[in-house]
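Below is start.pdb, which holds PDB, C-alpha atoms (C1' of nucleotides).
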```pdb
ATOM      1  CA  MET A   6      -6.908  33.862  -1.510  1.00  0.00           C
ATOM      2  CA  HIS A   7      -6.606  32.190  -4.796  1.00  0.00           C
ATOM      3  CA  GLY A   8      -9.098  29.469  -5.523  1.00  0.00           C
ATOM      4  CA  GLY A   9      -8.108  26.241  -3.934  1.00  0.00           C
ATOM      5  CA  ASP A  10     -10.514  23.832  -2.305  1.00  0.00           C
ATOM      6  CA  PRO A  11      -9.669  23.694   1.383  1.00  0.00           C
ATOM      7  CA  LEU A  12     -12.328  21.041   1.858  1.00  0.00           C
ATOM      8  CA  GLU A  13     -10.568  18.772  -0.595  1.00  0.00           C
ATOM      9  CA  PRO A  14      -6.951  18.370   0.431  1.00  0.00           C
ATOM     10  CA  ARG A  15      -4.684  17.120  -2.252  1.00  0.00           C
ATOM     11  CA  ILE A  16      -3.921  13.459  -1.938  1.00  0.00           C
ATOM     12  CA  ILE A  17      -1.231  13.869  -4.511  1.00  0.00           C
ATOM     13  CA  GLY A  18       1.671  16.076  -3.545  1.00  0.00           C
ATOM     14  CA  PRO A  19       5.182  16.010  -2.187  1.00  0.00           C
ATOM     15  CA  GLY A  20       5.663  12.707  -0.467  1.00  0.00           C
ATOM     16  CA  PHE A  21       2.914  10.949  -2.375  1.00  0.00           C
ATOM     17  CA  TYR A  22       5.257   8.376  -3.816  1.00  0.00           C
ATOM     18  CA  ALA A  23       6.742   7.743  -0.376  1.00  0.00           C
ATOM     19  CA  ARG A  24       3.245   7.182   0.961  1.00  0.00           C
ATOM     20  CA  VAL A  25       2.520   4.676  -1.745  1.00  0.00           C
ATOM     21  CA  TYR A  26       5.733   2.841  -0.947  1.00  0.00           C
ATOM     22  CA  ALA A  27       4.948   2.889   2.774  1.00  0.00           C
ATOM     23  CA  VAL A  28       1.621   1.185   2.128  1.00  0.00           C
ATOM     24  CA  VAL A  29       3.022  -1.356  -0.310  1.00  0.00           C
ATOM     25  CA  ARG A  30       5.780  -2.230   2.139  1.00  0.00           C
ATOM     26  CA  GLN A  31       3.114  -3.306   4.609  1.00  0.00           C
ATOM     27  CA  VAL A  32       1.698  -5.952   2.312  1.00  0.00           C
ATOM     28  CA  PRO A  33       2.857  -9.270   3.763  1.00  0.00           C
ATOM     29  CA  GLY A  34       4.298 -12.000   1.602  1.00  0.00           C
ATOM     30  CA  GLY A  35       1.604 -14.316   0.337  1.00  0.00           C
ATOM     31  CA  TRP A  36      -0.878 -11.477   0.004  1.00  0.00           C
ATOM     32  CA  VAL A  37      -1.530  -8.984  -2.744  1.00  0.00           C
ATOM     33  CA  THR A  38      -3.267  -5.656  -3.012  1.00  0.00           C
ATOM     34  CA  THR A  39      -4.627  -3.583  -5.856  1.00  0.00           C
ATOM     35  CA  TYR A  40      -3.825  -0.119  -7.158  1.00  0.00           C
ATOM     36  CA  GLY A  41      -7.287   1.021  -6.166  1.00  0.00           C
ATOM     37  CA  ASP A  42      -6.951  -0.373  -2.663  1.00  0.00           C
ATOM     38  CA  VAL A  43      -3.666   1.436  -2.128  1.00  0.00           C
ATOM     39  CA  ALA A  44      -5.270   4.626  -3.401  1.00  0.00           C
ATOM     40  CA  THR A  45      -8.181   4.141  -1.028  1.00  0.00           C
ATOM     41  CA  LEU A  46      -5.845   3.616   1.910  1.00  0.00           C
ATOM     42  CA  LEU A  47      -4.147   6.861   0.937  1.00  0.00           C
ATOM     43  CA  GLY A  48      -7.479   8.630   1.141  1.00  0.00           C
ATOM     44  CA  SER A  49      -8.780   8.705  -2.407  1.00  0.00           C
ATOM     45  CA  PRO A  50      -9.890   5.791  -4.579  1.00  0.00           C
ATOM     46  CA  ARG A  51      -9.583   8.088  -7.580  1.00  0.00           C
ATOM     47  CA  VAL A  52      -5.811   8.119  -7.701  1.00  0.00           C
ATOM     48  CA  ALA A  53      -5.301   4.484  -8.597  1.00  0.00           C
ATOM     49  CA  ARG A  54      -3.485   5.456 -11.777  1.00  0.00           C
ATOM     50  CA  HIS A  55      -1.011   7.482  -9.784  1.00  0.00           C
ATOM     51  CA  VAL A  56      -0.253   4.515  -7.602  1.00  0.00           C
ATOM     52  CA  GLY A  57       0.821   2.770 -10.773  1.00  0.00           C
ATOM     53  CA  TRP A  58       2.840   5.818 -11.645  1.00  0.00           C
ATOM     54  CA  ALA A  59       4.619   5.744  -8.309  1.00  0.00           C
ATOM     55  CA  LEU A  60       5.524   2.106  -8.829  1.00  0.00           C
ATOM     56  CA  ALA A  61       6.727   2.889 -12.327  1.00  0.00           C
ATOM     57  CA  ALA A  62       9.232   5.275 -10.784  1.00  0.00           C
ATOM     58  CA  LEU A  63      10.925   2.476  -8.881  1.00  0.00           C
ATOM     59  CA  ARG A  64      14.452   1.547  -9.872  1.00  0.00           C
ATOM     60  CA  ASP A  65      15.063  -2.176  -9.780  1.00  0.00           C
ATOM     61  CA  GLY A  66      12.483  -2.705  -7.051  1.00  0.00           C
ATOM     62  CA  ALA A  67      13.751   0.089  -4.842  1.00  0.00           C
ATOM     63  CA  ASP A  68      12.839   3.720  -4.297  1.00  0.00           C
ATOM     64  CA  SER A  69      15.158   6.663  -4.863  1.00  0.00           C
ATOM     65  CA  ALA A  70      16.660   6.107  -1.428  1.00  0.00           C
ATOM     66  CA  GLY A  71      17.508   2.526  -2.286  1.00  0.00           C
ATOM     67  CA  GLU A  72      14.863   1.085   0.023  1.00  0.00           C
ATOM     68  CA  PRO A  73      13.230  -2.010  -1.493  1.00  0.00           C
ATOM     69  CA  VAL A  74       9.525  -1.989  -2.244  1.00  0.00           C
ATOM     70  CA  PRO A  75       7.559  -5.218  -2.843  1.00  0.00           C
ATOM     71  CA  TRP A  76       6.000  -3.762  -5.979  1.00  0.00           C
ATOM     72  CA  HIS A  77       5.081  -7.200  -7.294  1.00  0.00           C
ATOM     73  CA  ARG A  78       2.365  -7.518  -4.653  1.00  0.00           C
ATOM     74  CA  VAL A  79       0.326  -4.826  -6.381  1.00  0.00           C
ATOM     75  CA  ILE A  80      -1.974  -6.046  -9.131  1.00  0.00           C
ATOM     76  CA  ASN A  81      -5.093  -4.659 -10.734  1.00  0.00           C
ATOM     77  CA  ALA A  82      -8.653  -5.008  -9.470  1.00  0.00           C
ATOM     78  CA  ARG A  83      -9.338  -7.885 -11.818  1.00  0.00           C
ATOM     79  CA  GLY A  84      -6.633  -9.977 -10.249  1.00  0.00           C
ATOM     80  CA  ARG A  85      -4.365  -9.676 -13.241  1.00  0.00           C
ATOM     81  CA  ILE A  86      -0.977  -8.157 -13.814  1.00  0.00           C
ATOM     82  CA  SER A  87      -0.917  -4.774 -15.454  1.00  0.00           C
ATOM     83  CA  HIS A  88       2.078  -4.707 -17.701  1.00  0.00           C
ATOM     84  CA  ARG A  89       0.910  -2.394 -20.458  1.00  0.00           C
ATOM     85  CA  GLY A  90       3.079  -4.139 -22.985  1.00  0.00           C
ATOM     86  CA  GLN A  91       6.063  -4.728 -20.739  1.00  0.00           C
ATOM     87  CA  THR A  92       5.875  -8.496 -20.743  1.00  0.00           C
ATOM     88  CA  LEU A  93       9.356  -8.870 -19.303  1.00  0.00           C
ATOM     89  CA  ARG A  94       8.354  -7.051 -16.138  1.00  0.00           C
ATOM     90  CA  ALA A  95       5.155  -9.069 -16.021  1.00  0.00           C
ATOM     91  CA  SER A  96       6.977 -12.383 -16.073  1.00  0.00           C
ATOM     92  CA  ARG A  97       9.280 -11.179 -13.320  1.00  0.00           C
ATOM     93  CA  GLN A  98       6.218 -10.204 -11.302  1.00  0.00           C
ATOM     94  CA  TYR A  99       4.731 -13.668 -11.682  1.00  0.00           C
ATOM     95  CA  GLU A 100       8.033 -15.122 -10.594  1.00  0.00           C
ATOM     96  CA  LEU A 101       8.286 -12.980  -7.473  1.00  0.00           C
ATOM     97  CA  LEU A 102       4.677 -13.711  -6.582  1.00  0.00           C
ATOM     98  CA  ALA A 103       5.303 -17.413  -6.963  1.00  0.00           C
ATOM     99  CA  ARG A 104       8.179 -17.049  -4.534  1.00  0.00           C
ATOM    100  CA  ASP A 105       5.652 -15.547  -2.108  1.00  0.00           C
ATOM    101  CA  GLY A 106       3.381 -18.526  -2.614  1.00  0.00           C
ATOM    102  CA  VAL A 107       0.909 -16.662  -4.806  1.00  0.00           C
ATOM    103  CA  VAL A 108       0.178 -18.530  -7.999  1.00  0.00           C
ATOM    104  CA  ALA A 109      -2.001 -17.530 -10.911  1.00  0.00           C
ATOM    105  CA  ASN A 110      -4.637 -19.851 -12.308  1.00  0.00           C
ATOM    106  CA  HIS A 111      -4.723 -21.293 -15.802  1.00  0.00           C
ATOM    107  CA  SER A 112      -5.705 -17.960 -17.333  1.00  0.00           C
ATOM    108  CA  GLY A 113      -3.029 -15.950 -15.544  1.00  0.00           C
ATOM    109  CA  ALA A 114      -5.347 -14.471 -12.929  1.00  0.00           C
ATOM    110  CA  ILE A 115      -4.831 -14.414  -9.184  1.00  0.00           C
ATOM    111  CA  ASP A 116      -7.736 -15.195  -6.885  1.00  0.00           C
ATOM    112  CA  LEU A 117      -8.295 -11.915  -5.098  1.00  0.00           C
ATOM    113  CA  LYS A 118     -10.857 -13.459  -2.783  1.00  0.00           C
ATOM    114  CA  ARG A 119      -8.074 -15.639  -1.509  1.00  0.00           C
ATOM    115  CA  HIS A 120      -5.045 -13.387  -1.579  1.00  0.00           C
ATOM    116  CA  ARG A 121      -6.329  -9.856  -1.277  1.00  0.00           C
ATOM    117  CA  TRP A 122      -4.743  -8.045   1.630  1.00  0.00           C
ATOM    118  CA  ASP A 123      -7.343  -6.319   3.787  1.00  0.00           C
ATOM    119  CA  GLY A 124      -5.181  -3.350   4.660  1.00  0.00           C
ATOM    120  CA  ALA A 125      -4.764  -4.376   8.280  1.00  0.00           C
ATOM    121  CA  GLY A 126      -1.898  -6.189   9.872  1.00  0.00           C
ATOM    122  CA  CYS A 127      -2.371  -9.769   8.837  1.00  0.00           C
ATOM    123  CA  VAL A 128      -1.782 -12.048  11.761  1.00  0.00           C
ATOM    124  CA  VAL A 129      -3.315 -14.957   9.950  1.00  0.00           C
ATOM    125  CA  PRO A 130      -0.920 -16.700   7.574  1.00  0.00           C
ATOM    126  CA  PRO A 131      -1.784 -16.471   3.892  1.00  0.00           C
ATOM    127  CA  PRO A 132      -3.946 -19.277   2.478  1.00  0.00           C
TER     128      PRO A 132
ATOM    129  C1'  DG B  29      -1.154  26.606 -20.757  1.00  0.00           C
ATOM    130  C1'  DG B  30      -3.426  23.044 -23.925  1.00  0.00           C
ATOM    131  C1'  DT B  31      -2.583  18.208 -25.375  1.00  0.00           C
ATOM    132  C1'  DT B  32      -1.097  13.658 -24.563  1.00  0.00           C
ATOM    133  C1'  DT B  33      -0.139   9.829 -21.756  1.00  0.00           C
ATOM    134  C1'  DG B  34      -0.471   6.387 -18.080  1.00  0.00           C
ATOM    135  C1'  DA B  35       1.972  -0.533 -13.938  1.00  0.00           C
ATOM    136  C1'  DC B  36      -6.314   2.052 -13.167  1.00  0.00           C
ATOM    137  C1'  DC B  37     -11.383   1.194 -12.655  1.00  0.00           C
ATOM    138  C1'  DA B  38     -16.353   0.556 -13.541  1.00  0.00           C
ATOM    139  C1'  DT B  39     -19.484  -0.274 -16.869  1.00  0.00           C
ATOM    140  C1'  DA B  40     -21.496  -1.795 -21.349  1.00  0.00           C
ATOM    141  C1'  DA B  41     -21.932  -4.754 -25.347  1.00  0.00           C
TER     142       DA B  41
ATOM    143  C1'  DC C   9     -14.594 -14.742 -21.572  1.00  0.00           C
ATOM    144  C1'  DT C  10     -13.039 -10.268 -24.461  1.00  0.00           C
ATOM    145  C1'  DT C  11     -12.853  -5.435 -26.223  1.00  0.00           C
ATOM    146  C1'  DA C  12     -14.329  -0.566 -26.069  1.00  0.00           C
ATOM    147  C1'  DT C  13     -15.414   3.805 -23.679  1.00  0.00           C
ATOM    148  C1'  DG C  14     -15.557   7.398 -20.310  1.00  0.00           C
ATOM    149  C1'  DG C  15     -13.819   9.130 -16.049  1.00  0.00           C
ATOM    150  C1'  DC C  16     -10.159  10.076 -13.137  1.00  0.00           C
ATOM    151  C1'  DC C  17      -5.878  13.449 -11.972  1.00  0.00           C
ATOM    152  C1'  DA C  18      -1.050  14.683 -12.132  1.00  0.00           C
ATOM    153  C1'  DA C  19       3.390  14.695 -14.965  1.00  0.00           C
ATOM    154  C1'  DA C  20       5.687  15.437 -19.354  1.00  0.00           C
ATOM    155  C1'  DC C  21       5.940  17.702 -23.583  1.00  0.00           C
TER     156       DC C  21
END
```

What does this structure look like when you write it as structure tokens?
Amino acid sequence: MHGGDPLEPRIIGPGFYARVYAVVRQVPGGWVTTYGDVATLLGSPRVARHVGWALAALRDGADSAGEPVPWHRVINARGRISHRGQTLRASRQYELLARDGVVANHSGAIDLKRHRWDGAGCVVPPP
DNA sequence: GGTTTGACCATAA
DNA sequence: CTTATGGCCAAAC
């Protein structure tokens, strides 16, 4: 057969975006997660950048099927918003997070120790 | 099919 | 605290 690595299944592939959305949709309001955490839940911590890519493909907060995705609950590992120059989207993200009860501190950072979603079903209400 | 890019991350200075 | 650098891996050109 041609050289593929059967021991290393591709994390990225058809349905990868849908998987990202499925994970993000499980983040409860009041909690946040990181690109790296989503990638880890998908099986590979190395694809964090692609998680961002999947979110970048969203149209007005919804996937191609029109299903909403709480994209604003995904921030970077430093607790900050990754906007890469798109400050308009960043301000909207802060606004949506505030609606969830997640507020940034004086320097625009969110306390991950407080709000980081652990990847399990959170029965405990957010702090 | 090589080069560039990207809503990342860990590390170093 | 900030900025810079290398690594990561798939999509777009």

Practice prompt. Please write as a ChimeraX atom specification the full residue list that the PyMOL selection byres ((chain C and resi 15-21) around 8) yields on this file.
Written response: /A:17,51-52,55 /C:14

Just C-alpha atoms (C1' of nucleotides) for this one: save the residues we selected as a compact mmCIF listing (two decimals), in the coordinates of the input.
```txt
# COMPACT_ATOMS: atom_id res chain seq x y z
CA ILE A 17 -1.23 13.87 -4.51
CA ARG A 51 -9.58 8.09 -7.58
CA VAL A 52 -5.81 8.12 -7.70
CA HIS A 55 -1.01 7.48 -9.78
C1' DG C 14 -15.56 7.40 -20.31
```

Worksheet entry | All residues 9 Å or closer to DG34 in chain B, all atoms listed in the file, same chain fewer than 5 positions away omitted, as a list in words |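 Contacts, with the query itself left out: Arg54, His55, Gly57 and Trp58 of chain A.
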
Please enclose the listed atoms of chain C in an axis-aligned box, pad each side by 6 Å, and write out the centre and the three edge lengths in Å, rounded to one decimal, as lines of an AutoDock Vina configuration file.
```
center_x = -4.8
center_y = 1.5
center_z = -19.1
size_x = 33.5
size_y = 44.4
size_z = 26.3
```

Worksheet entry | Target residues per the PyMOL selection byres ((chain A and resi 84) around 9), formatted as a ChimeraX atom specification | /A:39,80-83,85-86,109,113-117,121

Contact check, chain B to chain A, at most 10 Å, counting only C-alpha atoms (C1' of nucleotides), closest pairs as a Markdown table:
```
| residue | atom | partner | partner_atom | distance |
| --- | --- | --- | --- | --- |
| B:DG34 | C1' | A:Arg54 | CA | 7.0 |
| B:DA35 | C1' | A:Gly57 | CA | 4.7 |
| B:DC36 | C1' | A:Arg54 | CA | 4.6 |
| B:DC37 | C1' | A:Ala82 | CA | 7.5 |
```

Practice prompt. Take CA of Arg30 in chain A and CA of Pro75 in chain A and report the distance between them in Å, one decimal.
Written response: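 The value is 6.1 Å.
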
Item to complete: Quote the spacing between CA of Leu102 in chain A and CA of Ala67 in chain A in Å to one decimal place.
Response: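 Answer for the CA of Leu102 in chain A to CA of Ala67 in chain A separation: 16.6 Å.
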
Practice prompt. Please write the residues picked by the PyMOL selection byres ((chain B and resi 39) around 9) on this file as a ChimeraX atom specification.
Written response: /B:38,40 /C:13

Deliver the residues from the most recent selection as a file, using C-alpha atoms (C1' of nucleotides), as a PDB file, in the coordinates of the input.
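Everything below was put into result_8.pdb:
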```
ATOM      1  C1'  DA B  38     -16.353   0.556 -13.541  1.00  0.00           C
ATOM      2  C1'  DA B  40     -21.496  -1.795 -21.349  1.00  0.00           C
TER       3       DA B  40
ATOM      4  C1'  DT C  13     -15.414   3.805 -23.679  1.00  0.00           C
TER       5       DT C  13
END
```

Worksheet item: What gap, in Å, lies between CA of Arg78 in chain A and C1' of DT33 in chain B?
Response: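 According to the coordinates, CA of Arg78 in chain A and C1' of DT33 in chain B are separated by 24.5 Å.
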
Fill in: Sphere at (-11.6, -13.8, -21.2), radius 9 Å, counting all atoms listed in the file: residues as number ranges by chain
A: 112; C: 9-10

What would range 97-128 of chain A look like with N, CA and C atoms restored, written as a tab-separated table (two decimals), in the coordinates of the input?
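Writing done, so here's part.tsv:
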```tsv
chain	number	residue	atom	x	y	z
A	97	ARG	N	8.53	-11.29	-14.58
A	97	ARG	CA	9.28	-11.18	-13.32
A	97	ARG	C	8.30	-11.07	-12.15
A	98	GLN	N	7.20	-10.36	-12.37
A	98	GLN	CA	6.22	-10.20	-11.30
A	98	GLN	C	5.59	-11.54	-10.94
A	99	TYR	N	5.28	-12.34	-11.95
A	99	TYR	CA	4.73	-13.67	-11.68
A	99	TYR	C	5.74	-14.50	-10.89
A	100	GLU	N	6.99	-14.35	-11.27
A	100	GLU	CA	8.03	-15.12	-10.59
A	100	GLU	C	8.15	-14.74	-9.12
A	101	LEU	N	8.17	-13.43	-8.86
A	101	LEU	CA	8.29	-12.98	-7.47
A	101	LEU	C	7.06	-13.37	-6.65
A	102	LEU	N	5.90	-13.31	-7.29
A	102	LEU	CA	4.68	-13.71	-6.58
A	102	LEU	C	4.72	-15.20	-6.25
A	103	ALA	N	5.21	-15.97	-7.20
A	103	ALA	CA	5.30	-17.41	-6.96
A	103	ALA	C	6.22	-17.68	-5.78
A	104	ARG	N	7.27	-16.88	-5.66
A	104	ARG	CA	8.18	-17.05	-4.53
A	104	ARG	C	7.46	-16.76	-3.21
A	105	ASP	N	6.46	-15.87	-3.30
A	105	ASP	CA	5.65	-15.55	-2.11
A	105	ASP	C	4.59	-16.61	-1.84
A	106	GLY	N	4.42	-17.51	-2.78
A	106	GLY	CA	3.38	-18.53	-2.61
A	106	GLY	C	2.08	-18.14	-3.27
A	107	VAL	N	2.11	-17.09	-4.10
A	107	VAL	CA	0.91	-16.66	-4.81
A	107	VAL	C	1.01	-17.13	-6.26
A	108	VAL	N	0.13	-17.99	-6.64
A	108	VAL	CA	0.18	-18.53	-8.00
A	108	VAL	C	-1.07	-18.14	-8.78
A	109	ALA	N	-0.89	-17.89	-10.05
A	109	ALA	CA	-2.00	-17.53	-10.91
A	109	ALA	C	-2.67	-18.80	-11.43
A	110	ASN	N	-3.93	-18.69	-11.78
A	110	ASN	CA	-4.64	-19.85	-12.31
A	110	ASN	C	-4.31	-20.05	-13.78
A	111	HIS	N	-5.04	-20.93	-14.41
A	111	HIS	CA	-4.72	-21.29	-15.80
A	111	HIS	C	-4.77	-20.10	-16.75
A	112	SER	N	-5.61	-19.10	-16.42
A	112	SER	CA	-5.70	-17.96	-17.33
A	112	SER	C	-4.87	-16.77	-16.87
A	113	GLY	N	-3.93	-17.02	-15.95
A	113	GLY	CA	-3.03	-15.95	-15.54
A	113	GLY	C	-3.60	-14.99	-14.52
A	114	ALA	N	-4.73	-15.35	-13.92
A	114	ALA	CA	-5.35	-14.47	-12.93
A	114	ALA	C	-5.09	-14.99	-11.51
A	115	ILE	N	-5.04	-14.06	-10.58
A	115	ILE	CA	-4.83	-14.41	-9.18
A	115	ILE	C	-6.17	-14.27	-8.46
A	116	ASP	N	-6.47	-15.22	-7.61
A	116	ASP	CA	-7.74	-15.20	-6.88
A	116	ASP	C	-7.70	-14.14	-5.78
A	117	LEU	N	-8.30	-13.00	-6.07
A	117	LEU	CA	-8.30	-11.92	-5.10
A	117	LEU	C	-9.06	-12.28	-3.83
A	118	LYS	N	-10.09	-13.08	-3.97
A	118	LYS	CA	-10.86	-13.46	-2.78
A	118	LYS	C	-9.98	-14.21	-1.79
A	119	ARG	N	-8.97	-14.84	-2.34
A	119	ARG	CA	-8.07	-15.64	-1.51
A	119	ARG	C	-6.88	-14.84	-1.01
A	120	HIS	N	-6.32	-14.02	-1.89
A	120	HIS	CA	-5.04	-13.39	-1.58
A	120	HIS	C	-5.10	-11.89	-1.32
A	121	ARG	N	-6.26	-11.31	-1.45
A	121	ARG	CA	-6.33	-9.86	-1.28
A	121	ARG	C	-6.08	-9.43	0.16
A	122	TRP	N	-5.10	-8.58	0.31
A	122	TRP	CA	-4.74	-8.04	1.63
A	122	TRP	C	-5.82	-7.06	2.07
A	123	ASP	N	-6.24	-7.16	3.34
A	123	ASP	CA	-7.34	-6.32	3.79
A	123	ASP	C	-6.91	-4.96	4.30
A	124	GLY	N	-5.64	-4.66	4.23
A	124	GLY	CA	-5.18	-3.35	4.66
A	124	GLY	C	-4.84	-3.28	6.13
A	125	ALA	N	-5.12	-4.34	6.86
A	125	ALA	CA	-4.76	-4.38	8.28
A	125	ALA	C	-3.56	-5.29	8.45
A	126	GLY	N	-3.01	-5.30	9.62
A	126	GLY	CA	-1.90	-6.19	9.87
A	126	GLY	C	-2.41	-7.62	9.84
A	127	CYS	N	-1.89	-8.40	8.95
A	127	CYS	CA	-2.37	-9.77	8.84
A	127	CYS	C	-1.64	-10.68	9.80
A	128	VAL	N	-2.37	-11.12	10.81
A	128	VAL	CA	-1.78	-12.05	11.76
A	128	VAL	C	-1.95	-13.46	11.24
```
